[in-house]
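Listing of data15.txt; format and content: compact mmCIF, C-alpha atoms.
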```
# COMPACT_ATOMS: atom_id res chain seq x y z
CA MET A 1 -3.26 -14.61 29.47
CA ASP A 2 -2.65 -11.02 30.42
CA THR A 3 -5.71 -9.10 29.24
CA ARG A 4 -3.76 -5.89 28.71
CA TYR A 5 -3.02 -7.14 25.20
CA ARG A 6 -6.66 -6.75 24.39
CA VAL A 7 -6.23 -3.03 24.94
CA ILE A 8 -3.37 -2.75 22.46
CA HIS A 9 -5.75 -3.10 19.56
CA LEU A 10 -8.20 -0.59 21.00
CA GLU A 11 -5.52 2.03 21.52
CA ARG A 12 -3.86 1.52 18.16
CA PRO A 13 -6.45 0.50 15.58
CA HIS A 14 -4.17 1.01 12.58
CA LEU A 15 -4.27 -2.52 11.21
CA PRO A 16 -7.80 -3.93 10.98
CA LEU A 17 -6.65 -7.26 9.56
CA ASP A 18 -3.89 -7.84 12.11
CA LYS A 19 -3.88 -11.11 14.06
CA ILE A 20 -3.59 -9.13 17.29
CA THR A 21 -7.17 -8.04 16.77
CA ILE A 22 -8.29 -11.64 17.13
CA ALA A 23 -6.13 -14.02 19.12
CA THR A 24 -5.08 -11.72 21.95
CA ARG A 25 -8.39 -9.99 22.35
CA PHE A 26 -10.53 -13.10 22.64
CA ALA A 27 -8.33 -15.68 24.31
CA THR A 28 -10.00 -15.01 27.65
CA ARG A 29 -13.59 -14.86 26.39
CA LYS A 30 -14.58 -18.12 28.05
CA LYS A 31 -13.75 -16.63 31.43
CA GLU A 32 -15.92 -13.59 30.89
CA ARG A 33 -19.58 -13.77 31.78
CA ASN A 34 -20.70 -10.52 30.23
CA LYS A 35 -19.79 -10.60 26.56
CA PRO A 36 -20.41 -7.50 24.46
CA SER A 37 -23.60 -8.15 22.56
CA GLY A 38 -22.39 -6.10 19.58
CA LEU A 39 -19.32 -8.27 19.20
CA SER A 40 -21.32 -11.50 19.53
CA CYS A 41 -23.59 -10.30 16.73
CA SER A 42 -20.52 -9.38 14.67
CA PHE A 43 -19.06 -12.87 15.14
CA LEU A 44 -22.31 -14.51 14.05
CA LEU A 45 -22.54 -12.30 10.98
CA ASN A 46 -18.92 -13.04 10.13
CA TYR A 47 -19.56 -16.78 10.36
CA ILE A 48 -22.73 -16.71 8.25
CA SER A 49 -21.44 -14.25 5.67
CA CYS A 50 -18.08 -15.97 5.18
CA LEU A 51 -19.82 -19.23 4.24
CA SER A 52 -21.94 -17.51 1.60
CA ILE A 53 -18.97 -15.50 0.32
CA PHE A 54 -16.80 -18.61 0.15
CA GLU A 55 -19.42 -20.52 -1.84
CA ALA A 56 -20.17 -17.54 -4.11
CA ASN A 57 -16.53 -17.13 -5.10
CA LEU A 58 -16.12 -20.86 -5.71
CA VAL A 59 -19.19 -20.85 -7.95
CA ALA A 60 -17.92 -17.81 -9.85
CA ILE A 61 -14.51 -19.42 -10.42
CA VAL A 62 -16.05 -22.65 -11.73
CA ILE A 63 -18.60 -20.98 -14.03
CA LEU A 64 -16.22 -18.37 -15.44
CA SER A 65 -13.45 -20.93 -15.97
CA ARG A 66 -15.72 -22.94 -18.26
CA GLY A 67 -15.72 -20.01 -20.71
CA LYS A 68 -19.43 -20.23 -21.60
CA CYS A 69 -20.53 -16.80 -20.37
CA GLY A 70 -20.05 -15.00 -23.69
CA LEU A 71 -17.02 -13.08 -22.41
CA SER A 72 -13.64 -12.85 -24.10
CA ARG A 73 -10.74 -14.88 -22.71
CA CYS A 74 -9.10 -11.62 -21.63
CA ILE A 75 -12.07 -10.54 -19.51
CA THR A 76 -12.51 -14.07 -18.19
CA ARG A 77 -8.91 -14.18 -16.97
CA TYR A 78 -9.34 -10.93 -15.04
CA LEU A 79 -12.65 -11.97 -13.50
CA VAL A 80 -11.36 -15.41 -12.48
CA SER A 81 -8.19 -13.93 -10.96
CA MET A 82 -10.26 -11.41 -9.00
CA ALA A 83 -12.46 -14.22 -7.68
CA VAL A 84 -9.41 -16.29 -6.68
CA THR A 85 -7.75 -13.44 -4.76
CA ASP A 86 -11.07 -12.60 -3.10
CA LEU A 87 -11.38 -16.24 -2.06
CA LEU A 88 -7.85 -16.21 -0.63
CA LEU A 89 -8.67 -13.06 1.32
CA ILE A 90 -11.79 -14.65 2.78
CA ILE A 91 -9.82 -17.75 3.81
CA THR A 92 -7.02 -15.79 5.51
CA ALA A 93 -8.80 -12.73 6.89
CA VAL A 94 -12.17 -14.18 7.88
CA ILE A 95 -11.98 -17.97 8.27
CA ILE A 96 -8.45 -18.31 9.70
CA ASN A 97 -7.91 -14.89 11.26
CA ARG A 98 -11.30 -14.12 12.72
CA ILE A 99 -13.32 -17.30 13.09
CA CYS A 100 -10.50 -19.71 13.97
CA GLY A 101 -8.76 -17.06 16.06
CA ILE A 102 -11.91 -16.43 18.06
CA TYR A 103 -13.38 -19.91 18.46
CA PHE A 104 -10.19 -21.98 18.43
CA PRO A 105 -7.59 -19.98 20.39
CA GLY A 106 -4.42 -21.84 21.19
CA SER A 107 -4.36 -23.94 18.00
CA PHE A 108 -1.25 -24.23 15.82
CA LEU A 109 -2.57 -21.25 13.87
CA SER A 110 -1.74 -19.13 16.93
CA ILE A 111 1.97 -19.97 16.84
CA THR A 112 3.84 -16.75 16.08
CA PRO A 113 5.50 -17.76 12.78
CA VAL A 114 2.23 -19.21 11.49
CA CYS A 115 0.07 -16.22 12.37
CA SER A 116 2.76 -13.90 10.95
CA VAL A 117 2.51 -15.72 7.64
CA ILE A 118 -1.29 -15.47 7.76
CA ILE A 119 -1.09 -11.72 8.34
CA ALA A 120 1.30 -11.25 5.42
CA LEU A 121 -0.90 -13.39 3.16
CA THR A 122 -3.96 -11.39 4.18
CA TYR A 123 -2.38 -8.10 3.21
CA ALA A 124 -1.00 -9.62 0.01
CA ALA A 125 -4.42 -10.98 -1.02
CA ARG A 126 -6.04 -7.64 -0.26
CA VAL A 127 -3.55 -5.66 -2.35
CA SER A 128 -3.77 -8.16 -5.22
CA SER A 129 -7.57 -8.07 -5.22
CA VAL A 130 -7.70 -4.28 -5.27
CA TRP A 131 -5.11 -3.85 -8.02
CA LEU A 132 -6.67 -6.55 -10.18
CA THR A 133 -9.81 -4.42 -10.09
CA VAL A 134 -7.71 -1.49 -11.31
CA ALA A 135 -6.14 -3.67 -14.02
CA PHE A 136 -9.58 -4.80 -15.17
CA THR A 137 -10.77 -1.18 -15.28
CA PHE A 138 -7.74 -0.16 -17.33
CA ASP A 139 -8.26 -3.08 -19.73
CA ARG A 140 -11.84 -1.95 -20.40
CA PHE A 141 -10.63 1.64 -20.81
CA VAL A 142 -8.16 0.50 -23.50
CA VAL A 143 -10.84 -1.54 -25.30
CA ILE A 144 -13.24 1.39 -25.51
CA CYS A 145 -10.98 4.43 -25.78
CA CYS A 146 -7.68 3.28 -27.32
CA LEU A 147 -8.48 1.37 -30.49
CA LYS A 148 -4.88 1.34 -31.73
CA LEU A 149 -3.58 -0.12 -28.45
CA LYS A 150 -6.50 -2.54 -28.16
CA THR A 151 -5.14 -5.18 -30.55
CA LYS A 152 -1.78 -5.34 -28.75
CA TYR A 153 -2.81 -4.93 -25.11
CA CYS A 154 -6.20 -6.61 -24.78
CA THR A 155 -5.04 -10.15 -25.43
CA ASP A 156 -5.12 -13.37 -23.45
CA ARG A 157 -1.33 -13.39 -23.08
CA THR A 158 -1.12 -9.78 -21.91
CA ALA A 159 -3.85 -10.40 -19.36
CA ALA A 160 -1.92 -13.37 -17.98
CA VAL A 161 1.26 -11.29 -17.70
CA VAL A 162 -0.56 -8.41 -15.99
CA ILE A 163 -2.29 -10.73 -13.52
CA GLY A 164 0.97 -12.51 -12.68
CA THR A 165 2.81 -9.22 -12.23
CA VAL A 166 0.11 -7.71 -10.02
CA CYS A 167 -0.12 -10.79 -7.78
CA GLY A 168 3.66 -11.19 -7.63
CA LEU A 169 4.24 -7.58 -6.62
CA GLY A 170 1.29 -7.75 -4.23
CA PHE A 171 2.90 -10.61 -2.31
CA PHE A 172 6.43 -9.15 -2.52
CA ILE A 173 5.67 -5.69 -1.10
CA ASN A 174 3.78 -7.20 1.85
CA ILE A 175 6.64 -9.41 3.05
CA PRO A 176 7.61 -6.81 5.73
CA TRP A 177 4.38 -7.58 7.62
CA TYR A 178 5.85 -10.97 8.51
CA PHE A 179 8.79 -9.40 10.36
CA ILE A 180 6.97 -6.74 12.39
CA HIS A 181 5.37 -9.17 14.87
CA GLN A 182 6.69 -10.74 18.03
CA PRO A 183 5.21 -13.38 20.38
CA ILE A 184 3.05 -12.34 23.30
CA TYR A 185 4.49 -15.13 25.43
CA ILE A 186 6.64 -18.25 25.07
CA VAL A 187 5.70 -21.64 26.48
CA ASN A 188 8.19 -24.52 26.30
CA ASN A 189 10.24 -22.55 23.78
CA VAL A 190 7.19 -22.18 21.52
CA PRO A 191 6.22 -18.57 20.66
CA TRP A 192 2.47 -17.94 20.84
CA TYR A 193 0.28 -15.28 19.18
CA CYS A 194 1.36 -12.12 17.42
CA LYS A 195 1.66 -8.59 18.66
CA LEU A 196 3.17 -5.62 16.92
CA LYS A 197 6.67 -4.57 17.81
CA ASP A 198 7.11 -1.07 19.22
CA ALA A 199 9.05 -0.17 16.09
CA ARG A 200 5.76 -0.35 14.18
CA PHE A 201 4.70 2.91 15.84
CA THR A 202 8.05 4.58 16.60
CA SER A 203 10.25 3.86 13.60
CA PRO A 204 10.21 6.51 10.83
CA LEU A 205 10.81 3.73 8.33
CA TRP A 206 7.67 1.90 9.40
CA THR A 207 5.71 5.15 9.45
CA ALA A 208 6.73 5.72 5.84
CA TYR A 209 5.84 2.12 4.96
CA ASP A 210 2.42 2.53 6.60
CA TRP A 211 1.72 5.61 4.49
CA PHE A 212 2.94 3.75 1.41
CA ASP A 213 0.65 0.82 2.22
CA HIS A 214 -2.45 2.99 2.57
CA LEU A 215 -1.61 5.09 -0.47
CA LEU A 216 -1.14 1.89 -2.45
CA THR A 217 -4.41 0.46 -1.12
CA PRO A 218 -6.88 2.06 -1.47
CA CYS A 219 -5.98 5.73 -2.13
CA LEU A 220 -4.23 5.36 -5.49
CA PRO A 221 -6.73 2.77 -6.81
CA PHE A 222 -9.55 5.18 -5.88
CA LEU A 223 -8.04 7.94 -8.01
CA LEU A 224 -7.19 5.66 -10.93
CA ILE A 225 -10.61 4.02 -11.08
CA ILE A 226 -12.42 7.36 -10.92
CA LEU A 227 -10.13 8.86 -13.59
CA LEU A 228 -10.39 5.89 -15.96
CA ASN A 229 -14.16 5.69 -15.59
CA ALA A 230 -14.53 9.42 -16.22
CA LEU A 231 -12.45 9.20 -19.40
CA THR A 232 -14.40 6.12 -20.50
CA VAL A 233 -17.76 7.81 -19.97
CA ARG A 234 -16.67 10.87 -21.91
CA HIS A 235 -15.47 8.75 -24.82
CA ILE A 236 -18.66 6.67 -24.88
CA LEU A 237 -20.90 9.74 -24.88
CA GLU A 238 -18.96 11.30 -27.76
CA ALA A 239 -18.95 8.05 -29.75
CA SER A 240 -22.67 7.51 -29.12
CA ARG A 241 -23.58 10.95 -30.43
CA ALA A 242 -21.44 10.45 -33.52
CA ARG A 243 -22.91 7.02 -34.31
CA ARG A 244 -26.47 8.30 -33.84
CA ARG A 245 -25.84 11.17 -36.25
CA LEU A 246 -24.45 8.75 -38.84
CA GLN A 247 -27.43 6.41 -38.46
CA VAL A 248 -29.90 9.24 -38.87
CA GLN A 249 -28.08 10.51 -41.95
CA ARG A 250 -27.95 7.03 -43.55
CA ASN A 251 -31.30 5.55 -42.57
CA GLY A 252 -33.31 8.56 -41.57
CA THR A 253 -34.29 6.80 -38.32
CA ASN A 254 -32.57 6.04 -35.04
CA GLN A 255 -32.30 2.22 -35.16
CA SER A 256 -30.74 -0.11 -32.65
CA ASP A 257 -26.95 -0.49 -32.93
CA PRO A 258 -25.44 -3.90 -32.00
CA GLU A 259 -22.02 -2.30 -31.42
CA MET A 260 -23.39 0.24 -28.95
CA GLU A 261 -25.43 -2.48 -27.24
CA CYS A 262 -22.25 -4.52 -26.75
CA ARG A 263 -20.47 -1.49 -25.34
CA ARG A 264 -23.38 -0.78 -23.04
CA LYS A 265 -23.20 -4.27 -21.49
CA SER A 266 -19.43 -3.97 -21.06
CA ILE A 267 -19.81 -0.59 -19.38
CA ILE A 268 -22.50 -1.86 -17.03
CA LEU A 269 -20.18 -4.64 -15.86
CA LEU A 270 -17.23 -2.24 -15.54
CA PHE A 271 -19.12 0.40 -13.57
CA ALA A 272 -20.78 -2.18 -11.34
CA VAL A 273 -17.42 -3.74 -10.37
CA SER A 274 -15.50 -0.50 -9.89
CA GLY A 275 -18.45 1.38 -8.37
CA THR A 276 -19.11 -1.17 -5.64
CA PHE A 277 -15.38 -1.26 -4.91
CA ILE A 278 -15.34 2.48 -4.28
CA LEU A 279 -18.52 2.44 -2.16
CA LEU A 280 -17.45 -0.47 0.05
CA TRP A 281 -13.92 0.86 0.59
CA MET A 282 -15.02 4.46 1.22
CA THR A 283 -15.61 3.91 4.95
CA TYR A 284 -12.13 2.44 5.39
CA PHE A 285 -10.67 5.35 3.41
CA VAL A 286 -12.45 7.90 5.62
CA GLN A 287 -11.28 6.05 8.74
CA PHE A 288 -7.67 6.18 7.52
CA LEU A 289 -7.84 9.92 6.84
CA TYR A 290 -9.46 10.61 10.21
CA GLU A 291 -6.82 8.66 12.14
CA ARG A 292 -3.89 10.22 10.32
CA PHE A 293 -5.00 13.84 10.56
CA ALA A 294 -6.89 13.81 13.89
CA HIS A 295 -4.32 11.58 15.67
CA ASP A 296 -7.18 10.22 17.76
CA TYR A 297 -6.36 6.58 18.51
CA GLN A 298 -7.92 6.23 21.96
CA ILE A 299 -11.01 4.01 22.13
CA ASN A 300 -13.06 3.62 25.29
CA GLY A 301 -14.51 0.13 25.14
CA TYR A 302 -16.48 -1.83 22.61
CA SER A 303 -19.45 0.56 22.64
CA ASP A 304 -17.30 3.51 21.58
CA PRO A 305 -18.60 4.91 18.25
CA LYS A 306 -15.04 4.95 16.91
CA PHE A 307 -14.66 1.23 17.57
CA ILE A 308 -18.01 0.53 15.88
CA PHE A 309 -16.95 2.67 12.93
CA ILE A 310 -13.66 0.78 12.60
CA GLU A 311 -15.36 -2.62 12.72
CA THR A 312 -17.93 -1.42 10.18
CA ALA A 313 -15.12 -0.32 7.85
CA ASN A 314 -13.49 -3.73 8.23
CA MET A 315 -16.76 -5.54 7.53
CA LEU A 316 -17.47 -3.49 4.38
CA GLN A 317 -13.90 -3.99 3.20
CA LEU A 318 -14.29 -7.76 3.48
CA LEU A 319 -17.78 -7.59 1.99
CA SER A 320 -16.25 -6.20 -1.21
CA CYS A 321 -14.80 -9.69 -1.77
CA CYS A 322 -18.21 -11.21 -2.53
CA THR A 323 -19.89 -8.48 -4.54
CA ASN A 324 -18.36 -9.35 -7.91
CA THR A 325 -20.17 -12.70 -8.10
CA PHE A 326 -23.53 -11.03 -7.51
CA ILE A 327 -22.64 -8.35 -10.05
CA TYR A 328 -22.02 -11.03 -12.68
CA ALA A 329 -25.37 -12.61 -11.85
CA VAL A 330 -27.21 -9.29 -12.21
CA THR A 331 -25.48 -7.88 -15.29
CA GLN A 332 -24.57 -10.98 -17.35
CA SER A 333 -27.48 -13.03 -18.70
CA LYS A 334 -25.25 -15.93 -19.83
CA PHE A 335 -23.67 -16.12 -16.37
CA ARG A 336 -27.17 -16.45 -14.92
CA GLU A 337 -27.95 -19.20 -17.41
CA GLN A 338 -24.81 -21.11 -16.47
CA LEU A 339 -25.60 -20.66 -12.79
CA LYS A 340 -29.13 -22.00 -13.28
CA THR A 341 -27.76 -24.95 -15.23
CA ALA A 342 -25.27 -25.75 -12.48
CA VAL A 343 -28.00 -25.56 -9.84
CA ARG A 344 -30.33 -27.81 -11.85
CA CYS A 345 -27.58 -30.38 -12.46
CA GLY A 346 -26.68 -30.38 -8.78
CA THR A 347 -30.31 -30.81 -7.79
CA VAL A 348 -30.87 -33.69 -10.22
CA ARG A 349 -27.75 -35.50 -9.06
CA SER A 350 -28.72 -35.08 -5.40
CA VAL A 351 -32.14 -36.69 -5.91
CA GLN A 352 -31.00 -39.52 -8.15
CA PRO A 353 -30.86 -42.90 -6.36
CA ASN A 354 -27.48 -44.48 -5.95
CA GLY A 355 -26.59 -47.37 -8.19
```
Kindly present the structure from the file in structure tokens form.
Amino acid sequence: MDTRYRVIHLERPHLPLDKITIATRFATRKKERNKPSGLSCSFLLNYISCLSIFEANLVAIVILSRGKCGLSRCITRYLVSMAVTDLLLIITAVIINRICGIYFPGSFLSITPVCSVIIALTYAARVSSVWLTVAFTFDRFVVICCLKLKTKYCTDRTAAVVIGTVCGLGFFINIPWYFIHQPIYIVNNVPWYCKLKDARFTSPLWTAYDWFDHLLTPCLPFLLIILLNALTVRHILEASRARRRLQVQRNGTNQSDPEMECRRKSIILLFAVSGTFILLWMTYFVQFLYERFAHDYQINGYSDPKFIFIETANMLQLLSCCTNTFIYAVTQSKFREQLKTAVRCGTVRSVQPNG
């Protein structure tokens, strides 16, 4: 294969999840004696981390779906949907796109229509995962700050409608990614691999769509999550002061309040989910701003600091898919209990003799 296609990604690192970053760049790796050590380490980390992330999301889906974690059905629906979209993102972006693209080049996954579908699914899963986090944040904001709207909005049915709408729109608005790729070469009338069409970088329409894509994910979610959390914190502080004053006036002492304790646990979960989202996406956000305003797309090899920064942003972006499960384990005592029970049951079954 012509190795010049490996340079396309280095010169135009706009799309970190694009199939061109995998199949075309590594198809000739077996012929190269000197492999970049940084990339080899990255591949190993991707392989190890994706297995743990895959298992963590599966465990979270199973435990949360059982409904024994002390959470409302509304919250459970949001958390399960977030775990499912995260799992889909890991399957498409890491397992199929990176690992299979690197270690199994030339498989049916490298056929142009197939890899185009994978790219579109990757973007769709990413958008759905991000906006489900926003939807969850807004749901908690309504519960705490909008008591009149709470009874109508924070229901199991509304949560199902919101989740379906977010995922449906997430997949619909990412359909254009399927049509922006063309084959690198054709063998026996079969198109192989995906590379971006020139229109991706020259067409004003695609330039506008690229801005829309990055504003939709993650710029607008950043602003919404920060705004909703700020309003939630302000409301909680005001309500806490008022309830303490009432307790002191009634009882003369500052006793524990079950209602405030419940709110505190809900806020810990909310801030942990939205806070880690912001931290892990911040590098990608900074990379996007730097590229758009500096117009510096040239990268000189794999040791270039810009290339390392881009790959780091991609890694942190994908890492955000596994953090929610660990957040549940840290902040929710009943989730930990269910996890321990599942582990004990699995251990007992594994040691029991057959028959």
Just give me the gap between atom CA of A:Phe136 and atom CA of A:Gln338 in Å, one decimal is fine.
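Computing the Euclidean distance for atom CA of A:Phe136 and atom CA of A:Gln338 yields 22.4 Å.
What separates atom CA of A:Cys69 from atom CA of A:Ser128 is a distance of 24.2 Å.
Pairwise distance (atom CA of A:Leu224, atom CA of A:Asn314) equals 22.2 Å.
Proximity to A:Leu169 at 12 Å, evaluated using all atoms listed in the file and with sequence-adjacent residues fewer than 2 positions away removed, yields Tyr123, Ala124, Ala125, Val127, Ser128, Ser129, Trp131, Leu132, Val162, Ile163, Gly164, Thr165, Val166, Cys167, Phe171, Phe172, Ile173, Asn174, Ile175 and Leu216 of chain A.
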Contacts of stretch 140-143 of chain A at 8 Å (all atoms listed in the file; same-chain gap of 5+ positions) as a ChimeraX atom specification
/A:149-150,153-154,228-229,231-232,266,270
Closest to A:Thr341 among A:Leu109, A:Leu318, A:Ile63, A:Cys115, using all atoms listed in the file?
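Selected residue with least distance to A:Thr341: A:Ile63.
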Name all residues at most 9 Å from A:His214 (count all atoms listed in the file; drop same-chain ones fewer than 5 positions away) and give them as a list in words.
Tyr209, Cys219, Leu220, Phe285 and Phe288 of chain A
Would you export the selected residues with C-alpha atoms as an mmCIF file, in the frame of the given file, please?
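Contents of selection13.cif, as written:
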```
data_model
loop_
_atom_site.group_PDB
_atom_site.id
_atom_site.type_symbol
_atom_site.label_atom_id
_atom_site.label_comp_id
_atom_site.auth_asym_id
_atom_site.auth_seq_id
_atom_site.Cartn_x
_atom_site.Cartn_y
_atom_site.Cartn_z
ATOM 1 C CA TYR A 209 5.840 2.120 4.960
ATOM 2 C CA CYS A 219 -5.980 5.730 -2.130
ATOM 3 C CA LEU A 220 -4.230 5.360 -5.490
ATOM 4 C CA PHE A 285 -10.670 5.350 3.410
ATOM 5 C CA PHE A 288 -7.670 6.180 7.520
#
```
Residues of stretch 117-207 of chain A that approach stretch 74-78 of chain A to 6 Å or less, counting all atoms listed in the file: could you list each one with the shortest pair of atoms and its distance in Å to one decimal, rows by chain and increasing residue number, as a tab-separated table?
```
residue	atom	partner	partner_atom	distance
A:Thr155	CA	A:Cys74	CA	5.8
A:Asp156	CA	A:Cys74	CA	4.7
A:Ala159	CA	A:Cys74	CA	5.8
```
So that I can check the surroundings of A:Leu71, please list as an MDAnalysis selection string every protein, DNA and RNA residue that reaches within 12 Å of it, counting all atoms listed in the file and ignoring chain neighbours fewer than 6 positions away.
chainID A and resid 63:65 77:80 156 262 265:266 269 328 332:335
Of the candidates A:Ala135, A:Leu205, A:Leu316, A:Ala160, which shows the shortest atom-to-atom distance to A:Met282, using only C-alpha atoms?
A:Leu316
Select, from A:Thr85, A:Gln182, A:Thr283, A:Thr122, the residue with the minimum atom-to-atom distance to A:Arg98, counting only C-alpha atoms.
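Once distances to A:Arg98 are computed over only C-alpha atoms, the minimum belongs to A:Thr122.
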Compile the contact shell of A:Pro221 as a list in words: residues with an atom at most 9 Å away, counting only C-alpha atoms, same-chain residues fewer than 5 positions apart removed.
Val130, Trp131, Thr133, Val134, Leu215, Leu216, Ile226 and Ile278 of chain A
